[in-house]
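J.: See start_12.tsv below, with TSV, C-alpha atoms.
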```tsv
chain	number	residue	atom	x	y	z
A	26	MET	CA	-56.18	-19.63	160.57
A	27	ALA	CA	-54.06	-22.67	159.82
A	28	ASN	CA	-52.18	-24.63	157.20
A	29	ILE	CA	-54.12	-27.88	156.64
A	30	LEU	CA	-53.00	-30.87	154.56
A	31	VAL	CA	-55.76	-32.99	152.99
A	32	VAL	CA	-54.67	-36.47	151.86
A	33	ASP	CA	-57.23	-38.46	149.86
A	34	ASP	CA	-57.05	-40.39	146.59
A	35	GLU	CA	-60.55	-39.25	145.54
A	36	MET	CA	-60.39	-35.96	143.64
A	37	GLY	CA	-63.98	-35.01	144.49
A	38	ILE	CA	-63.36	-35.30	148.22
A	39	ARG	CA	-60.11	-33.35	147.99
A	40	GLU	CA	-61.80	-30.53	146.11
A	41	LEU	CA	-64.82	-30.41	148.44
A	42	LEU	CA	-62.69	-30.34	151.60
A	43	SER	CA	-60.42	-27.73	150.04
A	44	GLU	CA	-63.39	-25.50	149.22
A	45	ILE	CA	-64.97	-25.84	152.67
A	46	LEU	CA	-61.76	-25.29	154.62
A	47	GLY	CA	-60.64	-22.50	152.28
A	48	ASP	CA	-63.92	-20.69	152.87
A	49	GLU	CA	-63.21	-20.95	156.60
A	50	GLY	CA	-59.98	-19.02	155.98
A	51	HIS	CA	-57.50	-21.90	156.14
A	52	VAL	CA	-54.61	-22.49	153.75
A	53	VAL	CA	-55.20	-25.92	152.23
A	54	GLN	CA	-52.66	-28.26	150.62
A	55	LEU	CA	-53.81	-31.33	148.69
A	56	ALA	CA	-52.17	-34.72	148.26
A	57	GLU	CA	-53.66	-37.67	146.39
A	58	ASN	CA	-51.33	-40.35	147.77
A	59	ALA	CA	-48.81	-41.08	150.49
A	60	GLN	CA	-45.82	-39.97	148.42
A	61	GLN	CA	-47.29	-36.51	147.87
A	62	ALA	CA	-48.24	-36.38	151.55
A	63	ARG	CA	-44.66	-37.12	152.60
A	64	GLN	CA	-43.38	-34.33	150.40
A	65	ALA	CA	-46.01	-31.86	151.64
A	66	ARG	CA	-45.23	-32.77	155.26
A	67	GLN	CA	-41.53	-32.17	154.66
A	68	GLU	CA	-41.91	-28.88	152.81
A	69	ALA	CA	-44.80	-27.13	154.58
A	70	ARG	CA	-45.07	-28.62	158.11
A	71	PRO	CA	-48.91	-28.46	158.28
A	72	ASP	CA	-50.76	-27.52	161.46
A	73	LEU	CA	-53.25	-30.34	160.92
A	74	VAL	CA	-53.68	-33.30	158.56
A	75	LEU	CA	-56.88	-34.90	157.26
A	76	LEU	CA	-55.73	-38.38	156.21
A	77	ASP	CA	-57.71	-40.97	154.28
A	78	ILE	CA	-57.15	-44.58	155.36
A	79	TRP	CA	-57.66	-46.47	152.10
A	80	MET	CA	-55.27	-45.28	149.38
A	81	PRO	CA	-53.77	-47.25	146.49
A	82	ASP	CA	-50.04	-46.99	147.19
A	83	THR	CA	-49.65	-46.73	150.96
A	84	ASP	CA	-52.66	-46.70	153.28
A	85	GLY	CA	-53.17	-43.94	155.83
A	86	VAL	CA	-52.47	-46.09	158.88
A	87	THR	CA	-49.11	-47.17	157.44
A	88	LEU	CA	-48.23	-43.55	156.70
A	89	LEU	CA	-49.25	-42.58	160.23
A	90	LYS	CA	-46.93	-45.30	161.61
A	91	GLU	CA	-44.13	-44.00	159.41
A	92	TRP	CA	-44.52	-40.42	160.69
A	93	GLN	CA	-44.66	-41.64	164.29
A	94	ARG	CA	-41.55	-43.82	163.83
A	95	ASP	CA	-39.55	-41.01	162.23
A	96	GLY	CA	-40.58	-38.37	164.76
A	97	LEU	CA	-42.67	-36.48	162.21
A	98	LEU	CA	-46.01	-36.79	164.00
A	99	THR	CA	-45.77	-33.22	165.31
A	100	MET	CA	-49.28	-32.18	164.26
A	101	PRO	CA	-52.82	-33.47	164.91
A	102	VAL	CA	-53.99	-36.07	162.39
A	103	ILE	CA	-57.67	-36.78	161.72
A	104	MET	CA	-58.30	-40.06	159.94
A	105	MET	CA	-61.09	-40.42	157.35
A	106	SER	CA	-62.71	-43.50	155.83
A	107	GLY	CA	-65.99	-44.87	154.59
A	108	HIS	CA	-65.06	-48.51	155.17
A	109	ALA	CA	-62.81	-48.69	158.21
A	110	THR	CA	-63.72	-50.81	161.22
A	111	ILE	CA	-63.53	-49.93	164.90
A	112	ASP	CA	-60.35	-52.03	165.06
A	113	THR	CA	-58.76	-49.75	162.47
A	114	ALA	CA	-59.83	-46.70	164.48
A	115	VAL	CA	-58.32	-48.20	167.64
A	116	GLU	CA	-55.05	-48.93	165.83
A	117	ALA	CA	-54.92	-45.40	164.42
A	118	THR	CA	-55.39	-43.77	167.81
A	119	ARG	CA	-52.76	-46.00	169.40
A	120	ILE	CA	-50.34	-44.76	166.78
A	121	GLY	CA	-51.25	-41.12	167.33
A	122	ALA	CA	-54.42	-40.13	165.44
A	123	LEU	CA	-56.53	-37.50	167.17
A	124	ASN	CA	-59.91	-38.27	165.63
A	125	PHE	CA	-61.71	-40.44	163.13
A	126	LEU	CA	-64.38	-39.17	160.70
A	127	GLU	CA	-66.65	-41.56	158.84
A	128	LYS	CA	-67.44	-40.80	155.19
A	129	PRO	CA	-69.55	-39.20	153.90
A	130	ILE	CA	-68.43	-36.52	156.33
A	131	ALA	CA	-71.08	-34.15	157.68
A	132	LEU	CA	-69.96	-30.52	157.37
A	133	GLN	CA	-70.58	-29.56	160.99
A	134	LYS	CA	-68.70	-32.63	162.25
A	135	LEU	CA	-65.81	-31.86	159.94
A	136	LEU	CA	-65.54	-28.26	161.14
A	137	LYS	CA	-65.88	-29.29	164.78
A	138	ALA	CA	-63.14	-31.92	164.45
A	139	VAL	CA	-60.84	-29.45	162.68
A	140	GLN	CA	-61.44	-26.81	165.35
A	141	GLN	CA	-60.69	-29.32	168.11
A	142	GLY	CA	-57.50	-30.36	166.35
A	143	LEU	CA	-56.30	-26.80	165.87
A	144	THR	CA	-57.16	-25.94	169.47
A	145	ARG	CA	-55.08	-28.90	170.61
A	146	SER	CA	-52.20	-27.86	168.35
A	147	SER	CA	-52.09	-24.42	169.97
A	148	GLU	CA	-51.96	-25.84	173.49
A	149	ALA	CA	-48.81	-26.91	175.27
A	150	PRO	CA	-48.21	-30.67	175.00
A	151	LYS	CA	-49.54	-32.76	177.88
A	152	PRO	CA	-48.35	-36.17	179.10
A	153	ALA	CA	-51.75	-37.79	178.66
A	154	ALA	CA	-52.48	-39.18	175.23
A	155	PRO	CA	-55.54	-37.81	173.42
A	156	ALA	CA	-58.78	-39.75	173.26
A	157	LEU	CA	-60.28	-40.87	169.97
A	158	ARG	CA	-63.98	-40.47	169.29
A	159	VAL	CA	-65.32	-42.35	166.29
A	160	ILE	CA	-67.73	-39.89	164.70
A	161	SER	CA	-70.45	-41.40	162.54
A	162	ASN	CA	-73.28	-39.95	160.51
A	163	ASP	CA	-76.06	-41.01	162.89
A	164	ASN	CA	-74.96	-38.47	165.53
A	165	THR	CA	-73.59	-41.23	167.74
A	166	ALA	CA	-70.07	-41.58	168.99
A	167	ALA	CA	-68.25	-44.63	170.28
A	168	PRO	CA	-66.74	-44.40	173.78
A	169	ALA	CA	-63.50	-42.52	173.96
A	170	ILE	CA	-60.46	-44.73	173.42
A	171	SER	CA	-57.18	-43.79	175.03
A	172	GLY	CA	-54.25	-43.81	172.66
A	173	SER	CA	-50.52	-43.29	172.77
A	174	PHE	CA	-48.12	-41.07	170.85
A	175	GLY	CA	-45.09	-43.20	171.68
A	176	ASN	CA	-43.13	-42.24	174.76
A	177	ALA	CA	-44.43	-38.70	174.96
A	178	ALA	CA	-47.23	-36.55	173.64
A	179	PRO	CA	-46.24	-34.74	170.43
A	180	ALA	CA	-45.37	-31.07	170.46
A	181	TYR	CA	-47.64	-29.36	167.97
A	182	GLU	CA	-46.89	-26.11	166.23
A	183	ALA	CA	-49.44	-23.37	165.60
A	184	ARG	CA	-49.39	-20.92	162.74
A	185	HIS	CA	-51.69	-18.01	162.08
A	186	PHE	CA	-52.68	-16.68	158.69
A	187	SER	CA	-54.36	-13.32	158.14
A	188	ALA	CA	-57.23	-13.09	155.69
A	189	ALA	CA	-57.96	-10.11	153.52
A	190	GLN	CA	-59.40	-6.93	154.95
A	191	PRO	CA	-63.22	-6.95	154.79
A	192	VAL	CA	-64.76	-5.07	151.92
A	193	ALA	CA	-67.17	-2.34	152.87
A	194	ALA	CA	-70.73	-3.15	151.93
A	195	THR	CA	-73.08	-0.46	150.74
A	196	PRO	CA	-76.26	-2.37	149.91
A	197	ASN	CA	-78.40	0.73	149.47
A	198	ASN	CA	-76.09	2.19	146.83
A	199	GLN	CA	-75.75	-1.19	145.18
A	200	PHE	CA	-79.49	-1.70	144.97
A	201	ALA	CA	-79.88	1.81	143.59
A	202	SER	CA	-77.56	0.88	140.74
A	203	LEU	CA	-79.51	-2.28	139.90
A	204	SER	CA	-81.05	-1.91	136.45
A	205	PHE	CA	-84.65	-3.01	135.94
A	206	ASP	CA	-84.04	-3.10	132.21
A	207	LEU	CA	-82.08	-6.32	132.55
A	208	PRO	CA	-83.61	-9.67	131.59
A	209	LEU	CA	-85.18	-11.37	134.60
A	210	ARG	CA	-82.43	-13.96	135.05
A	211	GLU	CA	-79.64	-11.36	134.92
A	212	ALA	CA	-81.52	-9.05	137.28
A	213	ARG	CA	-82.09	-11.91	139.71
A	214	ASP	CA	-78.41	-12.88	139.64
A	215	ALA	CA	-77.41	-9.25	140.24
A	216	PHE	CA	-79.78	-9.02	143.19
A	217	GLU	CA	-78.55	-12.32	144.69
A	218	ARG	CA	-74.95	-11.20	144.29
A	219	ILE	CA	-75.62	-7.99	146.23
A	220	TYR	CA	-77.67	-9.92	148.80
A	221	PHE	CA	-74.96	-12.49	149.56
A	222	GLU	CA	-72.15	-9.91	149.52
A	223	TYR	CA	-74.09	-7.90	152.11
A	224	HIS	CA	-74.47	-10.89	154.44
A	225	LEU	CA	-70.86	-12.03	153.93
A	226	ASN	CA	-69.62	-8.58	154.90
A	227	ARG	CA	-72.00	-8.38	157.85
A	228	GLU	CA	-70.95	-11.79	159.19
A	229	GLY	CA	-67.23	-11.28	158.56
A	230	GLY	CA	-67.10	-14.02	155.92
A	231	SER	CA	-68.39	-16.76	158.26
A	232	MET	CA	-70.10	-19.30	156.04
A	233	THR	CA	-71.79	-20.88	159.04
A	234	ARG	CA	-73.50	-17.65	160.09
A	235	VAL	CA	-74.35	-16.66	156.50
A	236	ALA	CA	-75.98	-20.07	155.97
A	237	GLU	CA	-78.05	-19.54	159.12
A	238	LYS	CA	-79.04	-15.99	158.14
A	239	THR	CA	-80.03	-16.87	154.58
A	240	GLY	CA	-81.69	-20.18	155.43
A	241	LEU	CA	-79.50	-22.21	153.07
A	242	GLU	CA	-77.70	-25.47	153.68
A	243	ARG	CA	-73.93	-24.85	153.54
A	244	THR	CA	-73.30	-27.04	150.50
A	245	HIS	CA	-76.02	-25.17	148.58
A	246	LEU	CA	-74.54	-21.87	149.74
A	247	TYR	CA	-71.06	-22.82	148.45
A	248	ARG	CA	-72.50	-23.72	145.05
A	249	LYS	CA	-74.58	-20.55	144.87
A	250	LEU	CA	-71.63	-18.27	145.66
A	251	LYS	CA	-69.47	-20.07	143.12
A	252	GLN	CA	-72.21	-19.73	140.50
A	253	LEU	CA	-72.54	-15.99	141.19
A	254	GLY	CA	-68.78	-15.44	141.21
A	255	VAL	CA	-68.77	-14.19	144.81
A	256	GLU	CA	-65.46	-14.75	146.63
A	257	SER	CA	-66.24	-15.32	150.30
A	258	MET	CA	-62.57	-15.20	151.37
A	259	LYS	CA	-62.22	-11.46	150.80
A	260	TYR	CA	-64.90	-10.80	153.41
A	261	ALA	CA	-63.14	-12.76	156.17
A	262	LYS	CA	-62.09	-10.68	159.14
A	263	ARG	CA	-58.39	-10.10	159.57
A	264	GLY	CA	-56.79	-12.50	162.02
A	265	GLU	CA	-59.72	-14.92	162.13
```
What's the structure tokens form of this structure?
T.:
Amino acid sequence: MANILVVDDEMGIRELLSEILGDEGHVVQLAENAQQARQARQEARPDLVLLDIWMPDTDGVTLLKEWQRDGLLTMPVIMMSGHATIDTAVEATRIGALNFLEKPIALQKLLKAVQQGLTRSSEAPKPAAPALRVISNDNTAAPAISGSFGNAAPAYEARHFSAAQPVAATPNNQFASLSFDLPLREARDAFERIYFEYHLNREGGSMTRVAEKTGLERTHLYRKLKQLGVESMKYAKRGE
């Protein structure tokens, strides 16, 4: 698991990305502007950055240039925007961005881009610059665009974070303790809590696999677990 910095001036997007990435077992830092991002970059040295382009004080492309100029672009950066043009994407990749995600960001595309970025960060640096793929919401991608990280490809650092030990699930015993004297709503919530805890334990805390097993869309699953007070992180397998 990795330390990921999310930089976006919209609180709703920061919170949503934090919840999604946190449920995947990552340690997430949040910054609402370029100044906070600079401080977070200096103090925590993230393994990957999700960086919004349009921000009120300093835009993401300018911040990316600043990191590249000062030798601080030592981690993969994925740019995000709902209004950027292909020219902006080209400029970002020439500076050193790894990928570009168009808002609203589809969950599977977000997780895929993050995984690609973290995989790249764990590999030894290569002389060839990475290619940018502009990922849109219509499942199409623009041709890969070769970029440059200055005179040499950046040397990324990888960190690994261990999640909590999985909690043993005993659904039979739990169901046996379920009281039928409860009001219907409380009994239903108790059943759903046991049901989701069972699947979280069985799938090692993987929200993707739990969503597939239960037939729920991931966003609905996040809301349901939050409503029931179920903490998915404690079911994540150690070292994942």
J.: In Å to one decimal, how far is atom CA of Thr87 of chain A from atom CA of Gln141 of chain A?
T.: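 Atom CA of Thr87 of chain A lies at a distance of 23.8 Å from atom CA of Gln141 of chain A.
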J.: What lies within 10 Å of Asp33 of chain A using all atoms listed in the file, ignoring chain neighbours under 5 positions off, as a ChimeraX atom specification?
T.: /A:38-40,42,55-59,62,75-80,85,105-106
J.: Choose the residue, out of A:Asp48, A:Glu228, A:Glu242, A:Asp34, that has the smallest atom-to-atom separation from Thr83 of chain A; count only C-alpha atoms.
T.: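 The closest residue to Thr83 of chain A is A:Asp34.
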J.: Could you tell me which of A:Ala122, A:Tyr223, A:Val31, A:Asp72 comes closest to Ile45 of chain A if we count all atoms listed in the file?
T.: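 Of all the options, A:Val31 lies closest to Ile45 of chain A.
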J.: Do you have the atom CA of Asp214 of chain A-atom CA of Leu253 of chain A distance handy?
T.: 6.8 Å
J.: So that I can check the surroundings of Leu225 of chain A, please list as a list in words every protein, DNA and RNA residue that reaches within 9 Å of it, counting all atoms listed in the file and ignoring chain neighbours fewer than 2 positions away.
T.: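 Those residues are Tyr220, Phe221, Glu222, Tyr223, Arg227, Glu228, Gly229, Gly230, Ser231, Met232, Arg234, Val235, Ser257, Tyr260 and Ala261 of chain A.
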J.: Select, from A:Leu209, A:Ala131, A:Arg94, A:Ala69, the residue with the minimum atom-to-atom distance to Thr244 of chain A, counting only C-alpha atoms.
T.: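 Closest candidate: A:Ala131.
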J.: Need the shell around Val102 of chain A: protein/DNA/RNA residues with any atom at most 9 Å away, counting all atoms listed in the file. Skip same-chain ones fewer than 4 positions apart. Format as a list in words?
T.: Leu73, Val74, Leu75, Leu76, Leu89, Leu98, Gly121, Ala122, Leu123, Asn124, Phe125 and Gly142 of chain A
J.: How far is it from atom CA of Ile29 of chain A to atom CA of His51 of chain A, in Å with one decimal?
T.: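 That distance, rounded to one decimal, is 6.9 Å.
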J.: Which is closest to Val32 of chain A among A:Ala65, A:Leu246, A:Val52, A:Leu46, if we use only C-alpha atoms?
T.: A:Ala65
